[in-house]
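Visitor: So I've got this file, model-v3.pdb, and it contains PDB, C-alpha atoms, pLDDT in the B column:
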ATOM      1  CA  LEU A   1     -25.803  26.816  24.428  1.00 73.00           C
ATOM      2  CA  PRO A   2     -23.360  23.984  23.643  1.00 80.00           C
ATOM      3  CA  LEU A   3     -19.813  24.698  22.551  1.00 92.00           C
ATOM      4  CA  PRO A   4     -18.995  24.259  18.852  1.00 95.00           C
ATOM      5  CA  ILE A   5     -17.891  20.774  17.864  1.00 97.00           C
ATOM      6  CA  THR A   6     -14.184  20.294  17.344  1.00 96.00           C
ATOM      7  CA  VAL A   7     -12.799  17.172  15.697  1.00 97.00           C
ATOM      8  CA  ASN A   8      -9.340  15.691  16.064  1.00 96.00           C
ATOM      9  CA  VAL A   9      -8.225  12.654  14.120  1.00 97.00           C
ATOM     10  CA  SER A  10      -5.291  10.290  14.392  1.00 96.00           C
ATOM     11  CA  ALA A  11      -4.243   7.437  12.163  1.00 96.00           C
ATOM     12  CA  THR A  12      -2.123   4.309  12.253  1.00 94.00           C
ATOM     13  CA  ASN A  13      -0.267   2.897   9.245  1.00 92.00           C
ATOM     14  CA  THR A  14      -0.410   6.136   7.270  1.00 94.00           C
ATOM     15  CA  ASN A  15       2.504   4.848   5.159  1.00 95.00           C
ATOM     16  CA  LEU A  16       1.286   1.476   3.931  1.00 97.00           C
ATOM     17  CA  LEU A  17       4.028  -1.067   3.260  1.00 96.00           C
ATOM     18  CA  CYS A  18       2.654  -2.580   0.046  1.00 97.00           C
ATOM     19  CA  PHE A  19       0.675  -1.279  -2.882  1.00 97.00           C
ATOM     20  CA  GLY A  20      -2.979  -2.175  -2.332  1.00 97.00           C
ATOM     21  CA  ASP A  21      -2.714  -2.688   1.446  1.00 97.00           C
ATOM     22  CA  THR A  22      -5.852  -1.840   3.416  1.00 97.00           C
ATOM     23  CA  ASN A  23      -4.690  -1.956   7.006  1.00 97.00           C
ATOM     24  CA  ALA A  24      -4.740   1.709   8.002  1.00 98.00           C
ATOM     25  CA  THR A  25      -7.007   2.970  10.787  1.00 98.00           C
ATOM     26  CA  ILE A  26      -8.397   6.433  11.492  1.00 98.00           C
ATOM     27  CA  THR A  27      -9.796   7.337  14.902  1.00 98.00           C
ATOM     28  CA  ALA A  28     -11.676  10.566  15.609  1.00 98.00           C
ATOM     29  CA  SER A  29     -12.285  12.331  18.870  1.00 96.00           C
ATOM     30  CA  ALA A  30     -14.767  15.160  19.309  1.00 97.00           C
ATOM     31  CA  THR A  31     -15.596  17.745  21.937  1.00 96.00           C
ATOM     32  CA  GLY A  32     -18.398  20.285  22.169  1.00 96.00           C
ATOM     33  CA  GLY A  33     -21.844  19.925  20.724  1.00 95.00           C
ATOM     34  CA  PHE A  34     -24.614  18.102  22.542  1.00 93.00           C
ATOM     35  CA  GLY A  35     -25.511  14.446  23.016  1.00 90.00           C
ATOM     36  CA  THR A  36     -24.229  11.393  21.238  1.00 95.00           C
ATOM     37  CA  TYR A  37     -21.911  11.817  18.282  1.00 97.00           C
ATOM     38  CA  GLN A  38     -22.230  10.200  14.887  1.00 98.00           C
ATOM     39  CA  TYR A  39     -19.038   9.752  12.830  1.00 98.00           C
ATOM     40  CA  ILE A  40     -18.858   9.711   9.038  1.00 98.00           C
ATOM     41  CA  LEU A  41     -15.706   8.937   7.070  1.00 98.00           C
ATOM     42  CA  ASN A  42     -15.353  11.042   3.914  1.00 98.00           C
ATOM     43  CA  PHE A  43     -13.337   9.611   1.020  1.00 96.00           C
ATOM     44  CA  SER A  44     -11.227  11.574  -1.452  1.00 91.00           C
ATOM     45  CA  ASP A  45     -13.586  10.680  -4.317  1.00 93.00           C
ATOM     46  CA  GLY A  46     -16.420  12.639  -2.666  1.00 93.00           C
ATOM     47  CA  THR A  47     -18.256   9.627  -1.232  1.00 96.00           C
ATOM     48  CA  SER A  48     -18.635   8.841   2.449  1.00 96.00           C
ATOM     49  CA  SER A  49     -19.374   5.988   4.798  1.00 96.00           C
ATOM     50  CA  GLY A  50     -22.606   5.664   6.669  1.00 94.00           C
ATOM     51  CA  ALA A  51     -22.942   7.307  10.074  1.00 97.00           C
ATOM     52  CA  GLN A  52     -21.700   5.259  13.009  1.00 97.00           C
ATOM     53  CA  THR A  53     -21.325   5.776  16.749  1.00 97.00           C
ATOM     54  CA  ASN A  54     -17.879   4.153  16.776  1.00 97.00           C
ATOM     55  CA  PRO A  55     -15.174   6.794  16.169  1.00 98.00           C
ATOM     56  CA  THR A  56     -12.754   4.283  14.586  1.00 98.00           C
ATOM     57  CA  PHE A  57     -12.579   3.389  10.891  1.00 98.00           C
ATOM     58  CA  THR A  58     -10.494   0.360   9.927  1.00 97.00           C
ATOM     59  CA  GLY A  59      -9.440  -1.427   6.753  1.00 97.00           C
ATOM     60  CA  LEU A  60      -8.440   1.743   4.939  1.00 97.00           C
ATOM     61  CA  GLY A  61      -6.248   1.931   1.859  1.00 96.00           C
ATOM     62  CA  ALA A  62      -4.365   4.807   0.318  1.00 96.00           C
ATOM     63  CA  GLY A  63      -6.249   8.071  -0.032  1.00 97.00           C
ATOM     64  CA  THR A  64      -7.135  11.340   1.608  1.00 97.00           C
ATOM     65  CA  TYR A  65      -9.829  11.180   4.267  1.00 98.00           C
ATOM     66  CA  THR A  66     -11.733  13.509   6.591  1.00 98.00           C
ATOM     67  CA  VAL A  67     -14.162  12.685   9.391  1.00 98.00           C
ATOM     68  CA  THR A  68     -17.435  14.538   9.912  1.00 98.00           C
ATOM     69  CA  VAL A  69     -18.903  14.479  13.408  1.00 98.00           C
ATOM     70  CA  THR A  70     -22.596  15.241  13.960  1.00 97.00           C
ATOM     71  CA  ASP A  71     -24.225  15.763  17.368  1.00 97.00           C
ATOM     72  CA  ALA A  72     -27.788  15.205  18.621  1.00 95.00           C
ATOM     73  CA  TYR A  73     -28.871  18.638  17.280  1.00 94.00           C
ATOM     74  CA  ASN A  74     -27.554  17.731  13.818  1.00 95.00           C
ATOM     75  CA  CYS A  75     -24.726  20.249  14.155  1.00 96.00           C
ATOM     76  CA  ASP A  76     -21.517  19.061  12.574  1.00 97.00           C
ATOM     77  CA  ALA A  77     -17.821  19.697  12.107  1.00 97.00           C
ATOM     78  CA  THR A  78     -15.298  18.117   9.769  1.00 98.00           C
ATOM     79  CA  SER A  79     -11.686  17.283  10.536  1.00 97.00           C
ATOM     80  CA  GLY A  80      -8.707  18.293   8.512  1.00 96.00           C
ATOM     81  CA  PRO A  81      -7.450  15.764   5.987  1.00 97.00           C
ATOM     82  CA  ILE A  82      -5.587  12.589   6.853  1.00 97.00           C
ATOM     83  CA  VAL A  83      -3.425  11.262   4.020  1.00 97.00           C
ATOM     84  CA  ILE A  84      -2.615   7.560   3.771  1.00 97.00           C
ATOM     85  CA  THR A  85       0.090   6.715   1.247  1.00 97.00           C
ATOM     86  CA  GLU A  86       1.301   3.553  -0.426  1.00 96.00           C
ATOM     87  CA  PRO A  87       4.324   2.725  -2.563  1.00 96.00           C
ATOM     88  CA  THR A  88       3.922   2.321  -6.290  1.00 96.00           C
ATOM     89  CA  PRO A  89       3.335  -1.248  -7.459  1.00 97.00           C
ATOM     90  CA  ILE A  90       6.368  -3.408  -8.115  1.00 97.00           C
ATOM     91  CA  GLN A  91       7.000  -3.651 -11.853  1.00 96.00           C
ATOM     92  CA  PRO A  92       9.319  -6.574 -12.677  1.00 96.00           C
ATOM     93  CA  LEU A  93      10.727  -7.160 -16.132  1.00 96.00           C
ATOM     94  CA  LEU A  94      12.532 -10.262 -17.355  1.00 96.00           C
ATOM     95  CA  SER A  95      14.471  -9.797 -20.592  1.00 95.00           C
ATOM     96  CA  LEU A  96      16.914 -11.778 -22.668  1.00 95.00           C
ATOM     97  CA  GLU A  97      20.420 -10.394 -22.205  1.00 94.00           C
ATOM     98  CA  THR A  98      22.288 -12.876 -24.428  1.00 94.00           C
ATOM     99  CA  GLY A  99      20.867 -15.801 -26.349  1.00 93.00           C
ATOM    100  CA  LEU A 100      22.049 -19.374 -26.487  1.00 90.00           C
ATOM    101  CA  THR A 101      24.812 -20.241 -28.913  1.00 91.00           C
ATOM    102  CA  CYS A 102      26.411 -23.527 -29.837  1.00 90.00           C
ATOM    103  CA  ASP A 103      29.191 -22.779 -27.347  1.00 90.00           C
ATOM    104  CA  ASN A 104      27.508 -20.781 -24.565  1.00 92.00           C
ATOM    105  CA  LEU A 105      24.453 -20.740 -22.374  1.00 95.00           C
ATOM    106  CA  GLY A 106      22.352 -17.577 -22.341  1.00 95.00           C
ATOM    107  CA  SER A 107      21.675 -14.889 -19.778  1.00 96.00           C
ATOM    108  CA  LEU A 108      18.588 -13.094 -18.559  1.00 96.00           C
ATOM    109  CA  ARG A 109      18.258  -9.700 -16.897  1.00 96.00           C
ATOM    110  CA  ILE A 110      15.680  -8.987 -14.192  1.00 97.00           C
ATOM    111  CA  THR A 111      14.846  -5.357 -13.519  1.00 97.00           C
ATOM    112  CA  ALA A 112      12.348  -3.967 -11.051  1.00 97.00           C
ATOM    113  CA  SER A 113      10.861  -0.639 -10.080  1.00 96.00           C
ATOM    114  CA  GLY A 114       8.252   0.472  -7.566  1.00 96.00           C
ATOM    115  CA  GLY A 115       7.771  -0.936  -4.105  1.00 96.00           C
ATOM    116  CA  THR A 116      10.636  -0.496  -1.646  1.00 95.00           C
ATOM    117  CA  ALA A 117      14.155  -1.605  -2.602  1.00 94.00           C
ATOM    118  CA  PRO A 118      16.055  -3.868  -2.150  1.00 96.00           C
ATOM    119  CA  TYR A 119      14.484  -6.453  -4.447  1.00 97.00           C
ATOM    120  CA  PHE A 120      14.538 -10.246  -4.369  1.00 97.00           C
ATOM    121  CA  TYR A 121      13.796 -12.736  -7.146  1.00 97.00           C
ATOM    122  CA  SER A 122      12.608 -16.333  -7.377  1.00 96.00           C
ATOM    123  CA  PHE A 123      11.693 -18.827 -10.066  1.00 94.00           C
ATOM    124  CA  ASP A 124       9.491 -20.917  -7.753  1.00 95.00           C
ATOM    125  CA  ASN A 125       7.895 -18.119  -5.656  1.00 94.00           C
ATOM    126  CA  ILE A 126       9.208 -19.871  -2.542  1.00 95.00           C
ATOM    127  CA  SER A 127      12.959 -19.389  -2.311  1.00 96.00           C
ATOM    128  CA  PHE A 128      14.087 -15.796  -2.977  1.00 96.00           C
ATOM    129  CA  SER A 129      17.564 -14.379  -3.632  1.00 96.00           C
ATOM    130  CA  PRO A 130      18.652 -10.719  -3.552  1.00 96.00           C
ATOM    131  CA  PHE A 131      19.262  -8.695  -6.687  1.00 96.00           C
ATOM    132  CA  SER A 132      22.972  -8.219  -7.327  1.00 91.00           C
ATOM    133  CA  SER A 133      22.814  -4.441  -7.755  1.00 88.00           C
ATOM    134  CA  GLY A 134      19.963  -2.109  -6.899  1.00 90.00           C
ATOM    135  CA  SER A 135      17.109  -2.620  -9.323  1.00 95.00           C
ATOM    136  CA  THR A 136      18.760  -5.103 -11.673  1.00 95.00           C
ATOM    137  CA  HIS A 137      20.092  -8.640 -11.580  1.00 96.00           C
ATOM    138  CA  LEU A 138      21.879 -10.637 -14.292  1.00 96.00           C
ATOM    139  CA  LEU A 139      21.255 -14.396 -14.441  1.00 93.00           C
ATOM    140  CA  THR A 140      23.945 -16.290 -16.324  1.00 94.00           C
ATOM    141  CA  ASN A 141      24.299 -19.850 -17.570  1.00 94.00           C
ATOM    142  CA  ILE A 142      20.640 -20.089 -18.488  1.00 94.00           C
ATOM    143  CA  GLY A 143      19.649 -23.031 -20.627  1.00 93.00           C
ATOM    144  CA  GLN A 144      16.858 -23.406 -23.132  1.00 93.00           C
ATOM    145  CA  GLY A 145      13.363 -23.095 -21.690  1.00 92.00           C
ATOM    146  CA  THR A 146      10.555 -20.816 -20.649  1.00 93.00           C
ATOM    147  CA  TYR A 147      11.155 -18.768 -17.516  1.00 93.00           C
ATOM    148  CA  GLN A 148       8.889 -16.867 -15.157  1.00 94.00           C
ATOM    149  CA  VAL A 149      10.326 -14.748 -12.380  1.00 94.00           C
ATOM    150  CA  TYR A 150       8.736 -13.551  -9.144  1.00 96.00           C
ATOM    151  CA  VAL A 151       9.933 -10.335  -7.514  1.00 97.00           C
ATOM    152  CA  THR A 152       9.386  -9.106  -3.965  1.00 97.00           C
ATOM    153  CA  ASP A 153      10.694  -6.019  -2.218  1.00 97.00           C
ATOM    154  CA  ALA A 154      12.126  -5.171   1.204  1.00 96.00           C
ATOM    155  CA  ASN A 155       8.623  -5.382   2.730  1.00 96.00           C
ATOM    156  CA  ASN A 156       7.912  -8.791   1.158  1.00 96.00           C
ATOM    157  CA  CYS A 157       5.435  -7.172  -1.228  1.00 97.00           C
ATOM    158  CA  ASN A 158       4.969  -8.599  -4.695  1.00 91.00           C
TER
END
Show me the file's structure as structure tokens.
Guide:
Amino acid sequence: LPLPITVNVSATNTNLLCFGDTNATITASATGGFGTYQYILNFSDGTSSGAQTNPTFTGLGAGTYTVTVTDAYNCDATSGPIVITEPTPIQPLLSLETGLTCDNLGSLRITASGGTAPYFYSFDNISFSPFSSGSTHLLTNIGQGTYQVYVTDANNCN
């Protein structure tokens, strides 16, 4: 009589750097049972991958996963959960702080949330400068025009 199947799982990149990243990996190892193992990755939404003989699952994004291992007798065991997290998306906001007057140029305020501080801003999406204080930055001496700002965080996420 074979021993019961036990499943251990390990993961890399369980704390993803950017919102939407899919570079986490889960690897399972099993003991017990009989014959060749089949590995199935179970997703937090109740769906699962197809069975595979490779115990490694790559290209994973944020979520809660388990791995089910089945042996040659169709006996199975499921691992405990592995949680992969991601930061919230970066939410930049560009707002008018003071408008143009006959005597003065205007100013714009950039604020950001989400991601991982500190934040950096750019008007050309090439050359970035740090925010002046935490999650806000005041741009002064701004002339007439239409402006678009790009914001990245400490992990170069946008």
Visitor: Of the residues A:Cys75, A:Ala117, A:Val69, A:Leu1, which is the one nearest to Thr56 of chain A, using only C-alpha atoms?
Guide: A:Val69
Visitor: Find the residue from A:Asn23, A:Asn8, A:Thr36, A:Thr101 that sits nearest to Thr66 of chain A; use all atoms listed in the file when measuring.
Guide: A:Asn8
Visitor: For a quick check of understanding, using only C-alpha atoms, which of A:Thr140, A:Asn104, A:Ser133, A:Pro89 has the smallest distance to Thr152 of chain A?
Guide: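 Under the stated criterion, the closest residue is A:Pro89.
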Visitor: Using atom CA of Pro87 of chain A and atom CA of Pro118 of chain A as the two end points, give the distance in Å to one decimal.
Guide: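 Computing the Euclidean distance for atom CA of Pro87 of chain A and atom CA of Pro118 of chain A yields 13.5 Å.
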Visitor: Please, what is the axis-aligned box for every listed atom of segment 129-147 of chain A with 3 Å on each side, as centre and edge lengths in Å to one decimal, as AutoDock Vina command-line options?
Guide:
--center_x 17.4 --center_y -12.8 --center_z -13.3 --size_x 19.7 --size_y 27.3 --size_z 25.6
Visitor: For the structure provided, state which residues fall under the PyMOL selection byres ((chain A and resi 149) around 8), and present them as a list of chain:residue names.
Guide: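 Listing what the PyMOL selection byres ((chain A and resi 149) around 8) selects in the shown file: A:Leu94, A:Tyr121, A:Ser122, A:Phe123, A:Asp124, A:Asn125, A:Tyr147, A:Gln148, A:Tyr150, A:Val151.
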Visitor: Name every residue that the PyMOL selection byres ((chain A and resi 53) around 10) selects in this structure, writing the answer as a PyMOL selection string with chains first and numbers rising.
Guide: chain A and resi 36-40+51-52+54-56+69-70
Visitor: Run through the PyMOL selection byres ((chain A and resi 65) around 7) on the given coordinates and return the selected residues as a PDB file with C-alpha atoms, keeping the file's coordinate frame.
Guide:
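Ended up saving to expr04.pdb:
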ATOM      1  CA  LEU A  41     -15.706   8.937   7.070  1.00 98.00           C
ATOM      2  CA  ASN A  42     -15.353  11.042   3.914  1.00 98.00           C
ATOM      3  CA  PHE A  43     -13.337   9.611   1.020  1.00 96.00           C
ATOM      4  CA  SER A  44     -11.227  11.574  -1.452  1.00 91.00           C
ATOM      5  CA  GLY A  63      -6.249   8.071  -0.032  1.00 97.00           C
ATOM      6  CA  THR A  64      -7.135  11.340   1.608  1.00 97.00           C
ATOM      7  CA  THR A  66     -11.733  13.509   6.591  1.00 98.00           C
ATOM      8  CA  VAL A  67     -14.162  12.685   9.391  1.00 98.00           C
ATOM      9  CA  PRO A  81      -7.450  15.764   5.987  1.00 97.00           C
ATOM     10  CA  ILE A  82      -5.587  12.589   6.853  1.00 97.00           C
ATOM     11  CA  VAL A  83      -3.425  11.262   4.020  1.00 97.00           C
TER      12      VAL A  83
END
Visitor: Quick one: distance from atom CA of Leu17 of chain A to atom CA of Leu139 of chain A in Å, one decimal?
Guide: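 Computing the Euclidean distance for atom CA of Leu17 of chain A and atom CA of Leu139 of chain A yields 28.1 Å.
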Visitor: Between A:Thr68, A:Thr47, A:Thr27, A:Thr136, which is the closest to Thr6 of chain A once you count all atoms listed in the file?
Guide: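 The shortest atom-to-atom distance to Thr6 of chain A comes from A:Thr68.
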Visitor: Just to confirm, what's the straight-line distance from atom CA of Tyr119 of chain A to atom CA of Leu93 of chain A in Å (one decimal)?
Guide: 12.3 Å
Visitor: Of the candidates A:Ala154, A:Ile126, A:Val7, A:Leu105, which shows the shortest atom-to-atom distance to Gly32 of chain A, using only C-alpha atoms?
Guide: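 Using only C-alpha atoms, Gly32 of chain A sits closest to A:Val7.
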Visitor: Given the choices A:Ile84, A:Ile142, A:Ala72, A:Val9, which gets closest to Asp21 of chain A if the distance is worked out from only C-alpha atoms?
Guide: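 Closest to Asp21 of chain A, using only C-alpha atoms: A:Ile84.
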Visitor: Can you list, as number ranges by chain, every protein, DNA or RNA residue that comes within 7 Å of Ala24 of chain A when you count only C-alpha atoms, leaving out same-chain residues fewer than 2 positions away?
Guide: A: 12-14, 22, 26, 58-61
Visitor: What lies within 9 Å of Ser107 of chain A using only C-alpha atoms, ignoring chain neighbours under 5 positions off, as a list in words?
Guide: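 Contacts, with the query itself left out: Ser95, Leu96, Glu97, Thr98, Gly99, Leu100, Leu138, Leu139, Thr140, Asn141, Ile142 and Gly143 of chain A.
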Visitor: Please identify all polymer residues within 7 Å of Phe120 of chain A, counting all atoms listed in the file, omitting same-chain residues fewer than 4 positions from it, and present them as a list of chain:residue names.
Guide: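 Contacts, with the query itself left out: A:Phe128, A:Ser129, A:Pro130, A:Phe131, A:Val151, A:Thr152, A:Asp153.
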